file data21.txt (compact mmCIF, N, CA and C atoms)
# COMPACT_ATOMS: atom_id res chain seq x y z
N MET A 1 -17.36 -1.36 23.78
CA MET A 1 -18.13 -0.59 22.84
C MET A 1 -19.39 -0.06 23.53
N GLU A 2 -20.07 -0.92 24.28
CA GLU A 2 -21.28 -0.47 24.96
C GLU A 2 -20.95 0.54 26.06
N LEU A 3 -19.79 0.31 26.71
CA LEU A 3 -19.36 1.23 27.76
C LEU A 3 -19.14 2.62 27.19
N PHE A 4 -18.52 2.71 26.03
CA PHE A 4 -18.29 4.01 25.40
C PHE A 4 -19.62 4.68 25.08
N ALA A 5 -20.59 3.91 24.61
CA ALA A 5 -21.90 4.48 24.28
C ALA A 5 -22.59 4.99 25.55
N LEU A 6 -22.51 4.24 26.64
CA LEU A 6 -23.13 4.68 27.90
C LEU A 6 -22.46 5.94 28.43
N ILE A 7 -21.15 5.98 28.38
CA ILE A 7 -20.43 7.15 28.87
C ILE A 7 -20.80 8.38 28.04
N ARG A 8 -20.84 8.23 26.73
CA ARG A 8 -21.17 9.37 25.87
C ARG A 8 -22.61 9.84 26.10
N ARG A 9 -23.55 8.88 26.31
CA ARG A 9 -24.94 9.25 26.55
C ARG A 9 -25.07 10.01 27.87
N ASP A 10 -24.43 9.48 28.95
CA ASP A 10 -24.53 10.15 30.25
C ASP A 10 -23.90 11.53 30.21
N SER A 11 -22.84 11.68 29.47
CA SER A 11 -22.20 12.99 29.37
C SER A 11 -23.10 13.97 28.61
N ARG A 12 -23.73 13.49 27.55
CA ARG A 12 -24.58 14.36 26.73
C ARG A 12 -25.88 14.71 27.45
N VAL A 13 -26.53 13.70 28.06
CA VAL A 13 -27.84 13.92 28.67
C VAL A 13 -27.74 14.61 30.02
N GLU A 14 -26.85 14.10 30.89
CA GLU A 14 -26.78 14.62 32.25
C GLU A 14 -25.69 15.66 32.45
N GLY A 15 -24.76 15.75 31.50
CA GLY A 15 -23.69 16.74 31.62
C GLY A 15 -22.75 16.49 32.78
N LEU A 16 -22.45 15.21 33.08
CA LEU A 16 -21.58 14.87 34.20
C LEU A 16 -20.12 15.15 33.85
N SER A 17 -19.31 15.35 34.89
CA SER A 17 -17.88 15.58 34.70
C SER A 17 -17.18 14.25 34.43
N VAL A 18 -15.91 14.35 34.06
CA VAL A 18 -15.12 13.16 33.76
C VAL A 18 -15.01 12.29 35.00
N ARG A 19 -14.75 12.91 36.16
CA ARG A 19 -14.62 12.15 37.40
C ARG A 19 -15.93 11.47 37.79
N ALA A 20 -17.05 12.16 37.61
CA ALA A 20 -18.35 11.59 37.95
C ALA A 20 -18.69 10.43 37.01
N LEU A 21 -18.36 10.58 35.73
CA LEU A 21 -18.59 9.48 34.78
C LEU A 21 -17.72 8.27 35.12
N ALA A 22 -16.48 8.52 35.52
CA ALA A 22 -15.58 7.43 35.88
C ALA A 22 -16.09 6.69 37.11
N ASP A 23 -16.59 7.43 38.09
CA ASP A 23 -17.12 6.79 39.30
C ASP A 23 -18.39 6.00 38.99
N ARG A 24 -19.26 6.55 38.15
CA ARG A 24 -20.53 5.89 37.83
C ARG A 24 -20.31 4.59 37.08
N HIS A 25 -19.40 4.59 36.12
CA HIS A 25 -19.22 3.42 35.26
C HIS A 25 -18.06 2.53 35.69
N GLY A 26 -17.37 2.91 36.76
CA GLY A 26 -16.27 2.08 37.26
C GLY A 26 -15.12 1.98 36.27
N ALA A 27 -14.87 3.06 35.55
CA ALA A 27 -13.80 3.07 34.55
C ALA A 27 -12.75 4.11 34.95
N HIS A 28 -11.59 4.00 34.35
CA HIS A 28 -10.53 4.96 34.60
C HIS A 28 -10.88 6.28 33.90
N ARG A 29 -10.37 7.39 34.44
CA ARG A 29 -10.66 8.69 33.82
C ARG A 29 -10.10 8.77 32.39
N ARG A 30 -8.98 8.08 32.16
CA ARG A 30 -8.41 8.06 30.81
C ARG A 30 -9.38 7.39 29.83
N THR A 31 -10.04 6.32 30.29
CA THR A 31 -11.03 5.63 29.45
C THR A 31 -12.22 6.54 29.16
N VAL A 32 -12.64 7.31 30.16
CA VAL A 32 -13.76 8.24 29.96
C VAL A 32 -13.37 9.30 28.94
N ARG A 33 -12.14 9.82 29.02
CA ARG A 33 -11.70 10.82 28.05
C ARG A 33 -11.64 10.23 26.64
N GLN A 34 -11.20 8.97 26.53
CA GLN A 34 -11.18 8.32 25.22
C GLN A 34 -12.60 8.17 24.68
N ALA A 35 -13.55 7.82 25.55
CA ALA A 35 -14.94 7.64 25.11
C ALA A 35 -15.54 8.96 24.67
N LEU A 36 -15.20 10.04 25.36
CA LEU A 36 -15.72 11.35 24.97
C LEU A 36 -15.07 11.85 23.69
N GLY A 37 -13.86 11.41 23.44
CA GLY A 37 -13.14 11.84 22.24
C GLY A 37 -13.56 11.10 20.99
N SER A 38 -13.91 9.83 21.13
CA SER A 38 -14.26 9.02 19.97
C SER A 38 -15.27 7.97 20.38
N ALA A 39 -16.19 7.65 19.47
CA ALA A 39 -17.22 6.65 19.76
C ALA A 39 -16.67 5.24 19.65
N VAL A 40 -15.52 5.08 18.99
CA VAL A 40 -14.93 3.76 18.79
C VAL A 40 -13.72 3.63 19.70
N PRO A 41 -13.63 2.57 20.49
CA PRO A 41 -12.47 2.39 21.36
C PRO A 41 -11.19 2.20 20.53
N PRO A 42 -10.05 2.64 21.05
CA PRO A 42 -8.81 2.46 20.30
C PRO A 42 -8.45 0.97 20.21
N ALA A 43 -7.76 0.62 19.16
CA ALA A 43 -7.35 -0.78 18.97
C ALA A 43 -6.32 -1.16 20.03
N ARG A 44 -6.43 -2.38 20.50
CA ARG A 44 -5.49 -2.85 21.51
C ARG A 44 -4.18 -3.23 20.84
N LYS A 45 -3.09 -2.90 21.52
CA LYS A 45 -1.78 -3.26 21.00
C LYS A 45 -1.44 -4.67 21.46
N ALA A 46 -1.01 -5.48 20.52
CA ALA A 46 -0.58 -6.83 20.87
C ALA A 46 0.83 -6.75 21.46
N PRO A 47 1.06 -7.40 22.58
CA PRO A 47 2.39 -7.33 23.18
C PRO A 47 3.41 -8.07 22.32
N ALA A 48 4.59 -7.51 22.25
CA ALA A 48 5.67 -8.16 21.49
C ALA A 48 6.28 -9.23 22.39
N ARG A 49 6.11 -10.48 21.99
CA ARG A 49 6.60 -11.58 22.80
C ARG A 49 7.72 -12.29 22.06
N SER A 50 8.70 -12.68 22.80
CA SER A 50 9.78 -13.45 22.19
C SER A 50 9.52 -14.93 22.44
N SER A 51 10.09 -15.76 21.62
CA SER A 51 9.95 -17.20 21.81
C SER A 51 11.35 -17.80 21.85
N PRO A 52 11.93 -17.87 23.04
CA PRO A 52 13.31 -18.32 23.14
C PRO A 52 13.50 -19.78 22.77
N VAL A 53 12.46 -20.60 22.89
CA VAL A 53 12.62 -22.02 22.58
C VAL A 53 12.47 -22.27 21.09
N THR A 54 11.41 -21.73 20.48
CA THR A 54 11.17 -22.00 19.07
C THR A 54 11.95 -21.08 18.14
N GLY A 55 12.42 -19.96 18.63
CA GLY A 55 13.13 -19.01 17.78
C GLY A 55 14.25 -19.62 16.97
N PRO A 56 15.23 -20.27 17.60
CA PRO A 56 16.33 -20.85 16.82
C PRO A 56 15.91 -22.05 15.97
N LEU A 57 14.79 -22.68 16.27
CA LEU A 57 14.38 -23.90 15.57
C LEU A 57 13.38 -23.63 14.45
N ARG A 58 12.92 -22.42 14.33
CA ARG A 58 11.90 -22.13 13.31
C ARG A 58 12.41 -22.41 11.90
N GLU A 59 13.64 -22.02 11.64
CA GLU A 59 14.18 -22.22 10.30
C GLU A 59 14.26 -23.71 9.96
N ALA A 60 14.65 -24.53 10.94
CA ALA A 60 14.72 -25.97 10.71
C ALA A 60 13.33 -26.56 10.45
N MET A 61 12.35 -26.12 11.23
CA MET A 61 10.99 -26.62 11.03
C MET A 61 10.43 -26.17 9.68
N ASP A 62 10.72 -24.93 9.31
CA ASP A 62 10.25 -24.43 8.02
C ASP A 62 10.89 -25.20 6.86
N GLU A 63 12.16 -25.54 6.98
CA GLU A 63 12.82 -26.32 5.93
C GLU A 63 12.18 -27.69 5.78
N MET A 64 11.84 -28.33 6.90
CA MET A 64 11.17 -29.63 6.84
C MET A 64 9.81 -29.51 6.15
N LEU A 65 9.08 -28.44 6.47
CA LEU A 65 7.76 -28.24 5.87
C LEU A 65 7.87 -27.88 4.39
N ARG A 66 8.91 -27.13 4.01
CA ARG A 66 9.10 -26.81 2.59
C ARG A 66 9.50 -28.05 1.80
N ALA A 67 10.27 -28.94 2.42
CA ALA A 67 10.65 -30.18 1.74
C ALA A 67 9.42 -31.06 1.51
N ASP A 68 8.42 -30.92 2.36
CA ASP A 68 7.19 -31.72 2.21
C ASP A 68 6.34 -31.30 1.02
N LEU A 69 6.59 -30.12 0.47
CA LEU A 69 5.79 -29.66 -0.66
C LEU A 69 5.98 -30.56 -1.88
N ASP A 70 7.19 -31.11 -2.04
CA ASP A 70 7.48 -31.97 -3.19
C ASP A 70 7.28 -33.45 -2.89
N ALA A 71 7.15 -33.81 -1.62
CA ALA A 71 7.05 -35.21 -1.23
C ALA A 71 5.62 -35.72 -1.45
N PRO A 72 5.49 -37.03 -1.72
CA PRO A 72 4.14 -37.61 -1.79
C PRO A 72 3.43 -37.48 -0.44
N ARG A 73 2.13 -37.53 -0.48
CA ARG A 73 1.32 -37.30 0.71
C ARG A 73 1.70 -38.22 1.87
N LYS A 74 1.92 -39.48 1.60
CA LYS A 74 2.22 -40.43 2.68
C LYS A 74 3.62 -40.25 3.26
N GLN A 75 4.48 -39.51 2.58
CA GLN A 75 5.86 -39.35 3.05
C GLN A 75 6.11 -37.99 3.69
N ARG A 76 5.09 -37.22 3.89
CA ARG A 76 5.27 -35.90 4.49
C ARG A 76 5.49 -36.01 5.99
N HIS A 77 6.12 -34.98 6.55
CA HIS A 77 6.40 -34.95 7.98
C HIS A 77 5.12 -34.68 8.78
N THR A 78 4.93 -35.42 9.81
CA THR A 78 3.88 -35.10 10.78
C THR A 78 4.51 -34.23 11.85
N ALA A 79 3.70 -33.61 12.68
CA ALA A 79 4.24 -32.80 13.76
C ALA A 79 5.08 -33.65 14.71
N HIS A 80 4.65 -34.89 14.92
CA HIS A 80 5.41 -35.78 15.80
C HIS A 80 6.77 -36.10 15.22
N ARG A 81 6.82 -36.35 13.92
CA ARG A 81 8.10 -36.65 13.28
C ARG A 81 9.02 -35.43 13.28
N ILE A 82 8.47 -34.25 13.09
CA ILE A 82 9.28 -33.03 13.17
C ILE A 82 9.84 -32.87 14.56
N TRP A 83 9.04 -33.12 15.57
CA TRP A 83 9.49 -33.02 16.95
C TRP A 83 10.61 -34.02 17.22
N GLU A 84 10.44 -35.26 16.75
CA GLU A 84 11.48 -36.27 16.94
C GLU A 84 12.79 -35.86 16.29
N ARG A 85 12.72 -35.32 15.07
CA ARG A 85 13.93 -34.89 14.38
C ARG A 85 14.59 -33.73 15.08
N LEU A 86 13.82 -32.81 15.63
CA LEU A 86 14.41 -31.69 16.36
C LEU A 86 15.15 -32.17 17.59
N VAL A 87 14.55 -33.11 18.29
CA VAL A 87 15.19 -33.64 19.50
C VAL A 87 16.45 -34.42 19.15
N ASP A 88 16.38 -35.25 18.10
CA ASP A 88 17.52 -36.09 17.73
C ASP A 88 18.64 -35.30 17.05
N GLU A 89 18.30 -34.51 16.06
CA GLU A 89 19.32 -33.86 15.25
C GLU A 89 19.82 -32.55 15.82
N HIS A 90 18.95 -31.81 16.52
CA HIS A 90 19.34 -30.49 17.01
C HIS A 90 19.47 -30.44 18.53
N ASP A 91 19.28 -31.56 19.21
CA ASP A 91 19.34 -31.63 20.68
C ASP A 91 18.45 -30.56 21.31
N ALA A 92 17.27 -30.40 20.75
CA ALA A 92 16.35 -29.37 21.23
C ALA A 92 15.58 -29.87 22.44
N LYS A 93 15.40 -29.00 23.37
CA LYS A 93 14.55 -29.27 24.53
C LYS A 93 13.27 -28.47 24.32
N ILE A 94 12.38 -29.08 23.57
CA ILE A 94 11.14 -28.41 23.19
C ILE A 94 9.99 -29.39 23.37
N ALA A 95 8.85 -28.88 23.79
CA ALA A 95 7.68 -29.73 24.02
C ALA A 95 7.03 -30.09 22.70
N TYR A 96 6.44 -31.27 22.63
CA TYR A 96 5.74 -31.70 21.43
C TYR A 96 4.59 -30.76 21.11
N ARG A 97 3.88 -30.30 22.13
CA ARG A 97 2.73 -29.42 21.93
C ARG A 97 3.15 -28.11 21.25
N THR A 98 4.31 -27.60 21.62
CA THR A 98 4.81 -26.37 21.01
C THR A 98 5.06 -26.58 19.52
N VAL A 99 5.65 -27.71 19.17
CA VAL A 99 5.93 -28.03 17.77
C VAL A 99 4.62 -28.22 17.01
N SER A 100 3.67 -28.94 17.59
CA SER A 100 2.42 -29.20 16.88
C SER A 100 1.63 -27.92 16.64
N LYS A 101 1.63 -27.00 17.60
CA LYS A 101 0.94 -25.73 17.40
C LYS A 101 1.62 -24.90 16.32
N TYR A 102 2.96 -24.90 16.30
CA TYR A 102 3.68 -24.15 15.29
C TYR A 102 3.43 -24.73 13.90
N VAL A 103 3.47 -26.06 13.79
CA VAL A 103 3.26 -26.72 12.49
C VAL A 103 1.84 -26.47 12.00
N ALA A 104 0.86 -26.54 12.89
CA ALA A 104 -0.53 -26.32 12.49
C ALA A 104 -0.74 -24.90 11.98
N LYS A 105 -0.01 -23.94 12.55
CA LYS A 105 -0.15 -22.56 12.12
C LYS A 105 0.67 -22.28 10.87
N ARG A 106 1.85 -22.87 10.78
CA ARG A 106 2.81 -22.50 9.74
C ARG A 106 2.61 -23.28 8.43
N ARG A 107 2.14 -24.52 8.49
CA ARG A 107 2.02 -25.33 7.26
C ARG A 107 1.13 -24.66 6.21
N PRO A 108 -0.08 -24.17 6.56
CA PRO A 108 -0.90 -23.51 5.53
C PRO A 108 -0.23 -22.25 4.96
N GLN A 109 0.53 -21.55 5.78
CA GLN A 109 1.22 -20.36 5.31
C GLN A 109 2.28 -20.72 4.28
N ILE A 110 3.02 -21.80 4.52
CA ILE A 110 4.07 -22.22 3.59
C ILE A 110 3.45 -22.70 2.28
N VAL A 111 2.33 -23.41 2.36
CA VAL A 111 1.64 -23.85 1.14
C VAL A 111 1.17 -22.64 0.34
N LEU A 112 0.63 -21.64 1.03
CA LEU A 112 0.16 -20.43 0.36
C LEU A 112 1.32 -19.67 -0.29
N GLU A 113 2.46 -19.58 0.40
CA GLU A 113 3.63 -18.92 -0.17
C GLU A 113 4.08 -19.64 -1.43
N ALA A 114 4.08 -20.96 -1.41
CA ALA A 114 4.50 -21.73 -2.58
C ALA A 114 3.53 -21.51 -3.74
N ARG A 115 2.25 -21.45 -3.46
CA ARG A 115 1.26 -21.22 -4.52
C ARG A 115 1.38 -19.82 -5.09
N ASN A 116 1.67 -18.86 -4.24
CA ASN A 116 1.84 -17.49 -4.73
C ASN A 116 3.06 -17.37 -5.63
N ARG A 117 4.13 -18.09 -5.28
CA ARG A 117 5.33 -18.07 -6.13
C ARG A 117 5.05 -18.73 -7.47
N ALA A 118 4.18 -19.73 -7.49
CA ALA A 118 3.87 -20.45 -8.72
C ALA A 118 2.72 -19.80 -9.49
N ASN A 119 2.16 -18.71 -8.97
CA ASN A 119 1.03 -18.02 -9.60
C ASN A 119 -0.16 -18.95 -9.84
N VAL A 120 -0.53 -19.72 -8.82
CA VAL A 120 -1.67 -20.63 -8.90
C VAL A 120 -2.87 -19.92 -8.32
N MET A 121 -3.97 -19.93 -9.07
CA MET A 121 -5.21 -19.34 -8.58
C MET A 121 -6.26 -20.43 -8.47
N ASP A 122 -6.88 -20.54 -7.33
CA ASP A 122 -7.90 -21.56 -7.11
C ASP A 122 -9.27 -21.02 -7.48
N GLY A 123 -9.95 -21.75 -8.34
CA GLY A 123 -11.35 -21.47 -8.61
C GLY A 123 -11.64 -20.15 -9.28
N PHE A 124 -10.74 -19.62 -10.06
CA PHE A 124 -10.99 -18.35 -10.73
C PHE A 124 -11.41 -18.61 -12.16
N VAL A 125 -12.61 -18.18 -12.50
CA VAL A 125 -13.12 -18.32 -13.87
C VAL A 125 -13.48 -16.93 -14.36
N PRO A 126 -12.74 -16.41 -15.35
CA PRO A 126 -13.04 -15.06 -15.82
C PRO A 126 -14.36 -15.02 -16.59
N GLN A 127 -15.08 -13.94 -16.45
CA GLN A 127 -16.33 -13.75 -17.18
C GLN A 127 -15.99 -13.14 -18.53
N THR A 128 -16.39 -13.81 -19.61
CA THR A 128 -16.01 -13.36 -20.95
C THR A 128 -17.17 -12.78 -21.74
N HIS A 129 -18.39 -12.86 -21.25
CA HIS A 129 -19.52 -12.33 -22.01
C HIS A 129 -19.73 -10.86 -21.68
N LEU A 130 -20.29 -10.15 -22.61
CA LEU A 130 -20.57 -8.74 -22.42
C LEU A 130 -21.85 -8.56 -21.62
N PRO A 131 -21.99 -7.47 -20.88
CA PRO A 131 -23.21 -7.24 -20.11
C PRO A 131 -24.43 -7.16 -21.02
N GLY A 132 -25.48 -7.88 -20.67
CA GLY A 132 -26.71 -7.87 -21.44
C GLY A 132 -26.72 -8.83 -22.61
N GLN A 133 -25.60 -9.51 -22.86
CA GLN A 133 -25.53 -10.44 -23.97
C GLN A 133 -26.31 -11.71 -23.67
N ASP A 134 -26.17 -12.25 -22.48
CA ASP A 134 -26.90 -13.44 -22.07
C ASP A 134 -27.95 -13.05 -21.04
N ALA A 135 -29.10 -13.66 -21.13
CA ALA A 135 -30.18 -13.35 -20.20
C ALA A 135 -30.29 -14.48 -19.19
N GLU A 136 -30.59 -14.11 -17.95
CA GLU A 136 -30.78 -15.11 -16.90
C GLU A 136 -32.15 -14.87 -16.31
N VAL A 137 -32.97 -15.94 -16.28
CA VAL A 137 -34.35 -15.80 -15.84
C VAL A 137 -34.61 -16.75 -14.70
N ASP A 138 -35.36 -16.28 -13.72
CA ASP A 138 -35.75 -17.11 -12.59
C ASP A 138 -37.25 -17.42 -12.76
N PHE A 139 -37.58 -18.71 -12.90
CA PHE A 139 -38.96 -19.10 -13.13
C PHE A 139 -39.66 -19.44 -11.81
N ALA A 140 -39.78 -18.46 -10.95
CA ALA A 140 -40.47 -18.67 -9.68
C ALA A 140 -41.87 -18.08 -9.78
N GLU A 141 -42.74 -18.51 -8.85
CA GLU A 141 -44.10 -17.99 -8.85
C GLU A 141 -44.09 -16.53 -8.41
N VAL A 142 -44.88 -15.72 -9.06
CA VAL A 142 -44.94 -14.31 -8.75
C VAL A 142 -46.22 -14.01 -7.99

call {"tool": "encode", "arguments": {"input": "data21.txt", "output": "structure tokens"}}
result
Amino acid sequence: MELFALIRRDSRVEGLSVRALADRHGAHRRTVRQALGSAVPPARKAPARSSPVTGPLREAMDEMLRADLDAPRKQRHTAHRIWERLVDEHDAKIAYRTVSKYVAKRRPQIVLEARNRANVMDGFVPQTHLPGQDAEVDFAEV
């Protein structure tokens, strides 16, 4: 962001060419053209990555986590127990750390999906009074 601002300022004040701006700021000429075209840098594209190890096992892990929604708190699956079941039942060659990271990311999402299906709203209290009907006063020193 600051680089774009510097490039735009040098172009406006000194009238330097694209090549001169690129040499001065140590940036590619394409970056200089982007800076001259817009003050905001373009959003970075996230690379599409595949997960060959967890891909086939995601559905099994999600089923275990969905089953935990109805289970009592003490009987829910831990990441370690999910990992053990994957190794025993599915003959998976997967690291415990991979399972724990997936469970930590996915468990809140599954809980949120279940709440959305059940139309549960946390902490929502509708305001029922009309504007100006009730007065609120702050008794601070003036």

call {"tool": "residues_around", "arguments": {"input": "data21.txt", "residues": "Ala22 in chain A", "least_positions_apart": "5", "cutoff": "12 Å", "atoms": "only C-alpha atoms", "output": "list in words"}}
result
Leu3, Phe4, Leu6, Ile7, Arg8, Asp10, Ser11, Leu16, Ser17, Ala27, His28, Arg29, Arg30, Thr31, Val32, Arg33, Gln34, Ala35 and Leu36 of chain A

call {"tool": "residues_around", "arguments": {"input": "data21.txt", "residues": "range 46-57 of chain A", "least_positions_apart": "4", "cutoff": "9 Å", "atoms": "only C-alpha atoms", "output": "PDB file with N, CA and C atoms, in the frame of the given file"}}
result
ATOM      1  N   MET A  61      12.350 -26.120  11.230  1.00  0.00           N
ATOM      2  CA  MET A  61      10.990 -26.620  11.030  1.00  0.00           C
ATOM      3  C   MET A  61      10.430 -26.170   9.680  1.00  0.00           C
ATOM      4  N   ASP A  62      10.720 -24.930   9.310  1.00  0.00           N
ATOM      5  CA  ASP A  62      10.250 -24.430   8.020  1.00  0.00           C
ATOM      6  C   ASP A  62      10.890 -25.200   6.860  1.00  0.00           C
ATOM      7  N   LEU A  86      13.820 -32.810  15.630  1.00  0.00           N
ATOM      8  CA  LEU A  86      14.410 -31.690  16.360  1.00  0.00           C
ATOM      9  C   LEU A  86      15.150 -32.170  17.590  1.00  0.00           C
ATOM     10  N   HIS A  90      18.950 -31.810  16.520  1.00  0.00           N
ATOM     11  CA  HIS A  90      19.340 -30.490  17.010  1.00  0.00           C
ATOM     12  C   HIS A  90      19.470 -30.440  18.530  1.00  0.00           C
ATOM     13  N   ALA A  92      17.270 -30.400  20.750  1.00  0.00           N
ATOM     14  CA  ALA A  92      16.350 -29.370  21.230  1.00  0.00           C
ATOM     15  C   ALA A  92      15.580 -29.870  22.440  1.00  0.00           C
ATOM     16  N   LYS A  93      15.400 -29.000  23.370  1.00  0.00           N
ATOM     17  CA  LYS A  93      14.550 -29.270  24.530  1.00  0.00           C
ATOM     18  C   LYS A  93      13.270 -28.470  24.320  1.00  0.00           C
ATOM     19  N   ILE A  94      12.380 -29.080  23.570  1.00  0.00           N
ATOM     20  CA  ILE A  94      11.140 -28.410  23.190  1.00  0.00           C
ATOM     21  C   ILE A  94       9.990 -29.390  23.370  1.00  0.00           C
ATOM     22  N   THR A  98       4.310 -27.600  21.620  1.00  0.00           N
ATOM     23  CA  THR A  98       4.810 -26.370  21.010  1.00  0.00           C
ATOM     24  C   THR A  98       5.060 -26.580  19.520  1.00  0.00           C
ATOM     25  N   VAL A  99       5.650 -27.710  19.170  1.00  0.00           N
ATOM     26  CA  VAL A  99       5.930 -28.030  17.770  1.00  0.00           C
ATOM     27  C   VAL A  99       4.620 -28.220  17.010  1.00  0.00           C
ATOM     28  N   TYR A 102       2.960 -24.900  16.300  1.00  0.00           N
ATOM     29  CA  TYR A 102       3.680 -24.150  15.290  1.00  0.00           C
ATOM     30  C   TYR A 102       3.430 -24.730  13.900  1.00  0.00           C
TER      31      TYR A 102
END

call {"tool": "atom_distance", "arguments": {"input": "data21.txt", "atom1": "atom N of Val111 in chain A", "atom2": "CA of His80 in chain A"}}
result
18.5 Å

call {"tool": "closest_residue", "arguments": {"input": "data21.txt", "among": "A:Leu130, A:Val103, A:Ile110, A:Val40", "to": "Trp83 in chain A", "atoms": "only C-alpha atoms"}}
result
A:Val103

call {"tool": "closest_residue", "arguments": {"input": "data21.txt", "among": "A:Arg66, A:Ala60, A:Lys101, A:Ala5", "to": "Ala79 in chain A", "atoms": "only N, CA and C atoms"}}
result
A:Lys101

call {"tool": "atom_distance", "arguments": {"input": "data21.txt", "atom1": "atom N of Ala95 in chain A", "atom2": "atom N of Glu59 in chain A"}}
result
14.8 Å

call {"tool": "atom_distance", "arguments": {"input": "data21.txt", "atom1": "atom C of Glu113 in chain A", "atom2": "atom N of Tyr96 in chain A"}}
result
26.8 Å

call {"tool": "select_by_dssp", "arguments": {"input": "data21.txt", "residues": "range 22-101 of chain A", "states": "helix (DSSP H, G or I)", "output": "NGL selection string"}}
result
:A and (22-25 or 29-37 or 58-67 or 73-75 or 79-90 or 96-101)

call {"tool": "build_atoms", "arguments": {"input": "data21.txt", "residues": "range 80-92 of chain A", "atoms": "N, CA, C and O atoms", "output": "PDB file, keeping the file's coordinate frame"}}
result
ATOM      1  N   HIS A  80       4.650 -34.890  14.920  1.00  0.00           N
ATOM      2  CA  HIS A  80       5.410 -35.780  15.800  1.00  0.00           C
ATOM      3  C   HIS A  80       6.770 -36.100  15.220  1.00  0.00           C
ATOM      4  O   HIS A  80       7.778 -36.121  15.933  1.00  0.00           O
ATOM      5  N   ARG A  81       6.820 -36.350  13.920  1.00  0.00           N
ATOM      6  CA  ARG A  81       8.100 -36.650  13.280  1.00  0.00           C
ATOM      7  C   ARG A  81       9.020 -35.430  13.280  1.00  0.00           C
ATOM      8  O   ARG A  81      10.231 -35.565  13.496  1.00  0.00           O
ATOM      9  N   ILE A  82       8.470 -34.250  13.090  1.00  0.00           N
ATOM     10  CA  ILE A  82       9.280 -33.030  13.170  1.00  0.00           C
ATOM     11  C   ILE A  82       9.840 -32.870  14.560  1.00  0.00           C
ATOM     12  O   ILE A  82      11.023 -32.542  14.743  1.00  0.00           O
ATOM     13  N   TRP A  83       9.040 -33.120  15.570  1.00  0.00           N
ATOM     14  CA  TRP A  83       9.490 -33.020  16.950  1.00  0.00           C
ATOM     15  C   TRP A  83      10.610 -34.020  17.220  1.00  0.00           C
ATOM     16  O   TRP A  83      11.621 -33.673  17.844  1.00  0.00           O
ATOM     17  N   GLU A  84      10.440 -35.260  16.750  1.00  0.00           N
ATOM     18  CA  GLU A  84      11.480 -36.270  16.940  1.00  0.00           C
ATOM     19  C   GLU A  84      12.790 -35.860  16.290  1.00  0.00           C
ATOM     20  O   GLU A  84      13.869 -36.011  16.869  1.00  0.00           O
ATOM     21  N   ARG A  85      12.720 -35.320  15.070  1.00  0.00           N
ATOM     22  CA  ARG A  85      13.930 -34.890  14.380  1.00  0.00           C
ATOM     23  C   ARG A  85      14.590 -33.730  15.080  1.00  0.00           C
ATOM     24  O   ARG A  85      15.823 -33.648  15.144  1.00  0.00           O
ATOM     25  N   LEU A  86      13.820 -32.810  15.630  1.00  0.00           N
ATOM     26  CA  LEU A  86      14.410 -31.690  16.360  1.00  0.00           C
ATOM     27  C   LEU A  86      15.150 -32.170  17.590  1.00  0.00           C
ATOM     28  O   LEU A  86      16.242 -31.687  17.906  1.00  0.00           O
ATOM     29  N   VAL A  87      14.550 -33.110  18.290  1.00  0.00           N
ATOM     30  CA  VAL A  87      15.190 -33.640  19.500  1.00  0.00           C
ATOM     31  C   VAL A  87      16.450 -34.420  19.150  1.00  0.00           C
ATOM     32  O   VAL A  87      17.491 -34.274  19.798  1.00  0.00           O
ATOM     33  N   ASP A  88      16.380 -35.250  18.100  1.00  0.00           N
ATOM     34  CA  ASP A  88      17.520 -36.090  17.730  1.00  0.00           C
ATOM     35  C   ASP A  88      18.640 -35.300  17.050  1.00  0.00           C
ATOM     36  O   ASP A  88      19.799 -35.421  17.439  1.00  0.00           O
ATOM     37  N   GLU A  89      18.300 -34.510  16.060  1.00  0.00           N
ATOM     38  CA  GLU A  89      19.320 -33.860  15.250  1.00  0.00           C
ATOM     39  C   GLU A  89      19.820 -32.550  15.820  1.00  0.00           C
ATOM     40  O   GLU A  89      20.977 -32.192  15.633  1.00  0.00           O
ATOM     41  N   HIS A  90      18.950 -31.810  16.520  1.00  0.00           N
ATOM     42  CA  HIS A  90      19.340 -30.490  17.010  1.00  0.00           C
ATOM     43  C   HIS A  90      19.470 -30.440  18.530  1.00  0.00           C
ATOM     44  O   HIS A  90      19.708 -29.361  19.080  1.00  0.00           O
ATOM     45  N   ASP A  91      19.280 -31.560  19.210  1.00  0.00           N
ATOM     46  CA  ASP A  91      19.340 -31.630  20.680  1.00  0.00           C
ATOM     47  C   ASP A  91      18.450 -30.560  21.310  1.00  0.00           C
ATOM     48  O   ASP A  91      18.828 -29.901  22.280  1.00  0.00           O
ATOM     49  N   ALA A  92      17.270 -30.400  20.750  1.00  0.00           N
ATOM     50  CA  ALA A  92      16.350 -29.370  21.230  1.00  0.00           C
ATOM     51  C   ALA A  92      15.580 -29.870  22.440  1.00  0.00           C
ATOM     52  O   ALA A  92      15.180 -31.020  22.519  1.00  0.00           O
TER      53      ALA A  92
END
